[in-house]
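Shown next: data19.pdb, containing PDB, C-alpha atoms, pLDDT in the B column.
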```
ATOM      1  CA  MET A  24       0.000   0.000   0.000  1.00 60.00           C
ATOM      2  CA  HIS A  25       2.872   2.351   0.819  1.00 61.00           C
ATOM      3  CA  ILE A  26       4.457   1.578  -2.519  1.00 65.00           C
ATOM      4  CA  PHE A  27       1.236   2.421  -4.333  1.00 59.00           C
ATOM      5  CA  ARG A  28       0.876   5.688  -2.385  1.00 62.00           C
ATOM      6  CA  ASN A  29       4.518   6.610  -3.055  1.00 60.00           C
ATOM      7  CA  ILE A  30       4.101   5.913  -6.765  1.00 60.00           C
ATOM      8  CA  SER A  31       0.910   7.985  -6.770  1.00 58.00           C
ATOM      9  CA  LEU A  32       2.679  10.815  -4.968  1.00 54.00           C
ATOM     10  CA  LEU A  33       5.567  10.608  -7.401  1.00 55.00           C
ATOM     11  CA  LEU A  34       3.145  10.763 -10.378  1.00 53.00           C
ATOM     12  CA  VAL A  35       1.353  13.766  -8.892  1.00 56.00           C
ATOM     13  CA  LEU A  36       4.673  15.557  -8.447  1.00 53.00           C
ATOM     14  CA  VAL A  37       5.850  14.715 -11.975  1.00 54.00           C
ATOM     15  CA  LEU A  38       2.506  15.594 -13.553  1.00 55.00           C
ATOM     16  CA  GLY A  39       2.217  18.722 -11.443  1.00 55.00           C
ATOM     17  CA  VAL A  40       5.639  19.915 -12.570  1.00 53.00           C
ATOM     18  CA  SER A  41       4.968  19.082 -16.208  1.00 55.00           C
ATOM     19  CA  CYS A  42       1.559  20.814 -16.054  1.00 55.00           C
ATOM     20  CA  SER A  43       3.194  23.946 -14.692  1.00 57.00           C
ATOM     21  CA  ASN A  44       5.784  23.739 -17.474  1.00 56.00           C
ATOM     22  CA  VAL A  45       2.958  23.496 -19.994  1.00 53.00           C
ATOM     23  CA  ARG A  46       1.243  26.502 -18.385  1.00 58.00           C
ATOM     24  CA  ILE A  47       4.490  28.481 -18.522  1.00 60.00           C
ATOM     25  CA  ALA A  48       5.027  27.511 -22.160  1.00 57.00           C
ATOM     26  CA  LEU A  49       1.464  28.529 -23.062  1.00 60.00           C
ATOM     27  CA  TYR A  50       1.878  31.807 -21.168  1.00 64.00           C
ATOM     28  CA  ASP A  51       5.179  32.501 -22.991  1.00 68.00           C
ATOM     29  CA  GLN A  52       3.563  31.731 -26.348  1.00 68.00           C
ATOM     30  CA  GLN A  53       0.655  34.055 -25.537  1.00 70.00           C
ATOM     31  CA  LYS A  54       3.027  36.866 -24.532  1.00 67.00           C
ATOM     32  CA  ARG A  55       5.113  36.406 -27.708  1.00 69.00           C
ATOM     33  CA  GLN A  56       1.920  36.584 -29.798  1.00 72.00           C
ATOM     34  CA  GLU A  57       0.788  39.753 -27.983  1.00 73.00           C
ATOM     35  CA  TYR A  58       4.225  41.309 -28.535  1.00 65.00           C
ATOM     36  CA  ALA A  59       4.148  40.401 -32.240  1.00 63.00           C
ATOM     37  CA  ASN A  60       0.640  41.860 -32.617  1.00 66.00           C
ATOM     38  CA  ASN A  61       1.621  45.061 -30.795  1.00 65.00           C
ATOM     39  CA  SER A  62       4.764  45.407 -32.930  1.00 60.00           C
ATOM     40  CA  ARG A  63       2.801  44.850 -36.140  1.00 63.00           C
ATOM     41  CA  GLU A  64       0.204  47.431 -35.099  1.00 66.00           C
ATOM     42  CA  ALA A  65       2.864  49.992 -34.130  1.00 64.00           C
ATOM     43  CA  PHE A  66       4.625  49.506 -37.483  1.00 61.00           C
ATOM     44  CA  SER A  67       1.336  49.827 -39.400  1.00 60.00           C
ATOM     45  CA  ASN A  68       0.704  53.157 -37.677  1.00 69.00           C
ATOM     46  CA  SER A  69       4.196  54.496 -38.402  1.00 73.00           C
ATOM     47  CA  GLU A  70       4.902  56.585 -41.514  1.00 79.00           C
ATOM     48  CA  ALA A  71       7.079  53.807 -42.990  1.00 79.00           C
ATOM     49  CA  GLY A  72       4.383  51.251 -42.270  1.00 80.00           C
ATOM     50  CA  LYS A  73       1.667  53.395 -43.842  1.00 83.00           C
ATOM     51  CA  GLU A  74       3.827  53.851 -46.957  1.00 87.00           C
ATOM     52  CA  ILE A  75       4.385  50.103 -47.300  1.00 89.00           C
ATOM     53  CA  VAL A  76       0.684  49.396 -46.798  1.00 89.00           C
ATOM     54  CA  LEU A  77      -0.221  51.995 -49.454  1.00 91.00           C
ATOM     55  CA  LYS A  78       2.311  50.684 -51.984  1.00 93.00           C
ATOM     56  CA  ASN A  79       1.132  47.107 -51.428  1.00 94.00           C
ATOM     57  CA  SER A  80      -2.435  48.277 -51.958  1.00 95.00           C
ATOM     58  CA  ILE A  81      -1.388  49.987 -55.214  1.00 97.00           C
ATOM     59  CA  ILE A  82       0.102  46.706 -56.464  1.00 97.00           C
ATOM     60  CA  VAL A  83      -2.884  44.607 -55.378  1.00 97.00           C
ATOM     61  CA  THR A  84      -5.280  47.029 -57.081  1.00 97.00           C
ATOM     62  CA  ALA A  85      -3.211  47.139 -60.295  1.00 98.00           C
ATOM     63  CA  ARG A  86      -3.082  43.317 -60.435  1.00 98.00           C
ATOM     64  CA  GLU A  87      -6.901  43.247 -60.493  1.00 98.00           C
ATOM     65  CA  TYR A  88      -6.828  44.846 -63.950  1.00 98.00           C
ATOM     66  CA  ILE A  89      -4.316  42.528 -65.612  1.00 98.00           C
ATOM     67  CA  GLY A  90      -6.003  41.369 -68.800  1.00 98.00           C
ATOM     68  CA  THR A  91      -7.952  44.610 -69.292  1.00 98.00           C
ATOM     69  CA  LYS A  92      -7.710  45.810 -72.898  1.00 98.00           C
ATOM     70  CA  TYR A  93      -5.910  48.946 -74.034  1.00 98.00           C
ATOM     71  CA  LYS A  94      -7.886  52.052 -74.890  1.00 98.00           C
ATOM     72  CA  TYR A  95      -6.201  55.377 -75.570  1.00 97.00           C
ATOM     73  CA  GLY A  96      -7.303  58.180 -73.232  1.00 96.00           C
ATOM     74  CA  SER A  97      -9.430  55.935 -71.026  1.00 97.00           C
ATOM     75  CA  THR A  98      -9.537  55.657 -67.246  1.00 96.00           C
ATOM     76  CA  ASP A  99     -12.504  53.275 -67.320  1.00 97.00           C
ATOM     77  CA  PRO A 100     -11.767  49.573 -66.700  1.00 97.00           C
ATOM     78  CA  LYS A 101     -14.881  48.598 -68.694  1.00 97.00           C
ATOM     79  CA  GLN A 102     -13.557  50.358 -71.805  1.00 97.00           C
ATOM     80  CA  GLY A 103      -9.840  49.738 -71.211  1.00 97.00           C
ATOM     81  CA  PHE A 104      -6.849  51.783 -70.063  1.00 97.00           C
ATOM     82  CA  ASP A 105      -3.954  53.581 -71.607  1.00 98.00           C
ATOM     83  CA  CYS A 106      -0.762  53.506 -69.498  1.00 98.00           C
ATOM     84  CA  SER A 107      -1.401  56.640 -67.444  1.00 98.00           C
ATOM     85  CA  GLY A 108      -5.127  55.867 -67.297  1.00 98.00           C
ATOM     86  CA  LEU A 109      -4.282  52.659 -65.430  1.00 98.00           C
ATOM     87  CA  VAL A 110      -2.031  54.525 -62.973  1.00 98.00           C
ATOM     88  CA  TYR A 111      -4.625  57.273 -62.517  1.00 97.00           C
ATOM     89  CA  TYR A 112      -7.417  54.763 -61.878  1.00 98.00           C
ATOM     90  CA  VAL A 113      -5.341  52.686 -59.441  1.00 97.00           C
ATOM     91  CA  GLY A 114      -4.515  55.866 -57.525  1.00 96.00           C
ATOM     92  CA  LYS A 115      -8.190  56.871 -57.487  1.00 96.00           C
ATOM     93  CA  GLU A 116      -9.172  53.423 -56.167  1.00 96.00           C
ATOM     94  CA  ASN A 117      -6.718  54.035 -53.309  1.00 94.00           C
ATOM     95  CA  LYS A 118      -8.111  57.554 -52.641  1.00 92.00           C
ATOM     96  CA  ILE A 119      -5.097  59.306 -54.186  1.00 93.00           C
ATOM     97  CA  GLU A 120      -5.620  62.120 -56.692  1.00 92.00           C
ATOM     98  CA  LEU A 121      -2.919  61.842 -59.378  1.00 95.00           C
ATOM     99  CA  PRO A 122      -2.085  63.775 -62.541  1.00 95.00           C
ATOM    100  CA  ARG A 123      -3.690  62.174 -65.590  1.00 95.00           C
ATOM    101  CA  SER A 124      -0.819  62.047 -68.130  1.00 96.00           C
ATOM    102  CA  SER A 125       2.532  60.275 -67.922  1.00 96.00           C
ATOM    103  CA  ASN A 126       4.338  63.598 -68.520  1.00 95.00           C
ATOM    104  CA  ASN A 127       2.472  65.288 -65.658  1.00 95.00           C
ATOM    105  CA  LEU A 128       3.050  62.279 -63.384  1.00 95.00           C
ATOM    106  CA  ALA A 129       6.784  62.443 -64.185  1.00 96.00           C
ATOM    107  CA  ALA A 130       6.862  66.184 -63.433  1.00 95.00           C
ATOM    108  CA  ALA A 131       4.928  65.846 -60.155  1.00 94.00           C
ATOM    109  CA  ALA A 132       7.715  64.316 -58.057  1.00 93.00           C
ATOM    110  CA  PRO A 133      11.500  63.994 -57.840  1.00 95.00           C
ATOM    111  CA  HIS A 134      13.056  61.354 -60.075  1.00 96.00           C
ATOM    112  CA  ILE A 135      15.025  58.426 -58.679  1.00 97.00           C
ATOM    113  CA  SER A 136      17.019  55.712 -60.392  1.00 97.00           C
ATOM    114  CA  TRP A 137      14.772  52.851 -61.454  1.00 97.00           C
ATOM    115  CA  LYS A 138      17.353  50.545 -59.843  1.00 96.00           C
ATOM    116  CA  LYS A 139      16.493  52.053 -56.429  1.00 95.00           C
ATOM    117  CA  ALA A 140      12.731  52.002 -56.947  1.00 96.00           C
ATOM    118  CA  LYS A 141      10.568  49.838 -54.711  1.00 96.00           C
ATOM    119  CA  PRO A 142       7.416  47.839 -55.433  1.00 97.00           C
ATOM    120  CA  GLY A 143       4.518  50.259 -55.765  1.00 97.00           C
ATOM    121  CA  ASP A 144       6.658  53.020 -57.276  1.00 97.00           C
ATOM    122  CA  LEU A 145       6.230  54.241 -60.847  1.00 98.00           C
ATOM    123  CA  VAL A 146       8.702  53.685 -63.679  1.00 98.00           C
ATOM    124  CA  PHE A 147       8.806  55.889 -66.779  1.00 98.00           C
ATOM    125  CA  PHE A 148       9.826  55.039 -70.319  1.00 98.00           C
ATOM    126  CA  GLY A 149      10.582  57.077 -73.426  1.00 97.00           C
ATOM    127  CA  ASP A 150      13.056  58.016 -76.108  1.00 94.00           C
ATOM    128  CA  HIS A 151      15.758  60.697 -75.892  1.00 91.00           C
ATOM    129  CA  GLY A 152      14.652  61.684 -72.380  1.00 85.00           C
ATOM    130  CA  SER A 153      11.060  62.380 -73.426  1.00 95.00           C
ATOM    131  CA  VAL A 154       8.449  60.493 -71.363  1.00 97.00           C
ATOM    132  CA  SER A 155       5.960  58.422 -73.350  1.00 97.00           C
ATOM    133  CA  HIS A 156       4.939  55.564 -71.021  1.00 98.00           C
ATOM    134  CA  VAL A 157       4.467  54.750 -67.316  1.00 98.00           C
ATOM    135  CA  GLY A 158       3.972  51.576 -65.290  1.00 98.00           C
ATOM    136  CA  ILE A 159       3.714  50.401 -61.685  1.00 98.00           C
ATOM    137  CA  ILE A 160       6.660  48.420 -60.310  1.00 98.00           C
ATOM    138  CA  GLU A 161       5.583  45.059 -58.925  1.00 98.00           C
ATOM    139  CA  LYS A 162       9.072  43.691 -58.184  1.00 97.00           C
ATOM    140  CA  ASN A 163      12.601  45.061 -58.601  1.00 97.00           C
ATOM    141  CA  LYS A 164      15.344  42.497 -58.011  1.00 94.00           C
ATOM    142  CA  HIS A 165      18.770  42.045 -59.620  1.00 86.00           C
ATOM    143  CA  ASN A 166      18.117  41.492 -63.328  1.00 92.00           C
ATOM    144  CA  GLU A 167      14.335  41.673 -63.109  1.00 97.00           C
ATOM    145  CA  LEU A 168      12.048  44.692 -63.165  1.00 98.00           C
ATOM    146  CA  TRP A 169       8.451  43.463 -63.104  1.00 98.00           C
ATOM    147  CA  VAL A 170       6.006  46.170 -64.131  1.00 98.00           C
ATOM    148  CA  ILE A 171       2.223  46.287 -64.398  1.00 98.00           C
ATOM    149  CA  HIS A 172       1.435  48.497 -67.373  1.00 98.00           C
ATOM    150  CA  SER A 173      -0.961  48.911 -70.265  1.00 98.00           C
ATOM    151  CA  THR A 174       0.436  48.486 -73.763  1.00 97.00           C
ATOM    152  CA  ILE A 175      -1.240  49.128 -77.096  1.00 97.00           C
ATOM    153  CA  LYS A 176      -0.927  45.544 -78.346  1.00 96.00           C
ATOM    154  CA  ARG A 177      -1.380  43.561 -75.119  1.00 97.00           C
ATOM    155  CA  GLY A 178      -3.431  45.721 -72.755  1.00 98.00           C
ATOM    156  CA  VAL A 179      -2.705  45.555 -69.026  1.00 98.00           C
ATOM    157  CA  LEU A 180      -0.059  42.973 -68.201  1.00 98.00           C
ATOM    158  CA  LEU A 181       2.676  42.095 -65.730  1.00 98.00           C
ATOM    159  CA  GLU A 182       6.005  42.004 -67.543  1.00 98.00           C
ATOM    160  CA  ASN A 183       9.707  41.808 -66.761  1.00 98.00           C
ATOM    161  CA  VAL A 184      10.705  44.857 -68.807  1.00 98.00           C
ATOM    162  CA  LEU A 185      14.408  44.029 -68.486  1.00 98.00           C
ATOM    163  CA  ALA A 186      13.749  40.879 -70.532  1.00 97.00           C
ATOM    164  CA  SER A 187      12.221  42.987 -73.321  1.00 97.00           C
ATOM    165  CA  SER A 188      14.645  44.578 -75.763  1.00 96.00           C
ATOM    166  CA  TYR A 189      11.950  47.155 -76.577  1.00 97.00           C
ATOM    167  CA  TRP A 190      11.261  48.320 -73.001  1.00 98.00           C
ATOM    168  CA  LYS A 191      14.740  47.818 -71.536  1.00 97.00           C
ATOM    169  CA  LYS A 192      16.343  50.466 -73.762  1.00 96.00           C
ATOM    170  CA  ARG A 193      13.510  52.933 -73.063  1.00 97.00           C
ATOM    171  CA  ILE A 194      13.633  52.957 -69.220  1.00 97.00           C
ATOM    172  CA  LEU A 195      14.246  56.528 -68.085  1.00 97.00           C
ATOM    173  CA  PHE A 196      13.735  56.830 -64.310  1.00 97.00           C
ATOM    174  CA  ALA A 197      11.324  56.081 -61.485  1.00 97.00           C
ATOM    175  CA  VAL A 198       9.269  58.100 -59.017  1.00 96.00           C
ATOM    176  CA  ASP A 199       8.641  57.071 -55.418  1.00 94.00           C
ATOM    177  CA  PHE A 200       4.856  56.773 -55.351  1.00 91.00           C
ATOM    178  CA  SER A 201       4.615  58.270 -51.874  1.00 88.00           C
ATOM    179  CA  THR A 202       6.194  61.553 -53.081  1.00 88.00           C
ATOM    180  CA  LEU A 203       3.302  62.043 -55.523  1.00 84.00           C
ATOM    181  CA  TYR A 204       0.891  62.813 -52.700  1.00 72.00           C
ATOM    182  CA  GLU A 205       3.089  63.422 -49.663  1.00 63.00           C
ATOM    183  CA  ASP A 206       3.712  67.144 -50.184  1.00 47.00           C
ATOM    184  CA  LYS A 207       0.295  67.982 -51.588  1.00 46.00           C
ATOM    185  CA  LYS A 208      -1.714  65.735 -49.258  1.00 46.00           C
ATOM    186  CA  HIS A 209      -4.190  64.846 -51.990  1.00 42.00           C
ATOM    187  CA  VAL A 210      -5.398  61.930 -49.949  1.00 40.00           C
ATOM    188  CA  LYS A 211      -9.189  62.085 -49.796  1.00 43.00           C
ATOM    189  CA  SER A 212     -10.736  61.410 -46.399  1.00 37.00           C
TER     190      SER A 212
END
```
Would you mind writing the structure in this file as structure tokens?
Amino acid sequence: MHIFRNISLLLVLVLGVSCSNVRIALYDQQKRQEYANNSREAFSNSEAGKEIVLKNSIIVTAREYIGTKYKYGSTDPKQGFDCSGLVYYVGKENKIELPRSSNNLAAAAPHISWKKAKPGDLVFFGDHGSVSHVGIIEKNKHNELWVIHSTIKRGVLLENVLASSYWKKRILFAVDFSTLYEDKKHVKS
């Protein structure tokens, strides 16, 4: 009987210790999750976080229109888009008022090297320094510059413009999307 009681006592001690270890582990996991959530929320409310959220939203919105046909002068997805019409419409969908033409978009903000541009920024194309086309950068890594843009022959598409002999030689510069509205605060409430 003493042996049985000693074994029972030993089991209670072992199980009690392991239960407390489980409780501690669950508590630690809960605290780590709370910390991660608080960090994510703080970042989302920071200026850098808001910029990243906006640029991601620009890309997500632009992707929705891949496959839309080309139509010169149009900002209507039902009719089609020209290159700046797509950018204008995507901005409007994200409550950002943008200039309508690629030339005015290019003149509205400081230029940066397309090599330093981030996803969600705009890239401009043309000949002899004259702007004739604009697209939204989806990815910019090493030897790839993926752009969502509307072309006359193919409509709205996602394309690695560095793999295209036509587009590669026409890349001029980029514009950080956030600088298009930052100074003017054209964000609609």
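Between CA of Tyr93 (chain A) and CA of Tyr112 (chain A) there is a distance of 13.6 Å.
Checking A:Ser69, A:Asn127, A:Ser201, A:Ser97 one by one against Ile81 (chain A), counting all atoms listed in the file, you find the shortest gap at A:Ser201.
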Target residues per the PyMOL selection byres ((chain A and resi 110) around 12), formatted as a ChimeraX atom specification: /A:81-82,84-86,88,97-100,104-109,111-117,119-125,127-129,143-147,156-160,170-173,179,200,203
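Distances to Leu195 (chain A) were evaluated for A:Asn183, A:Ile75, A:Thr174, A:Ser136 using all atoms listed in the file, and the minimum falls at A:Ser136.
With all atoms listed in the file as the atoms that count, the minimum distance from Ile135 (chain A) to the choices A:Leu180, A:Leu168, A:Val198, A:Ala71 is reached by A:Val198.
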Box centre and edge lengths (Å, one decimal), axis-aligned, region 81-99 of chain A plus 8 Å each side, as AutoDock Vina command-line options:
```
--center_x -6.2 --center_y 49.8 --center_z -65.4 --size_x 28.6 --size_y 32.8 --size_z 36.4
```
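The space separating CA of Val76 (chain A) from CA of Trp190 (chain A) comes to 28.3 Å.
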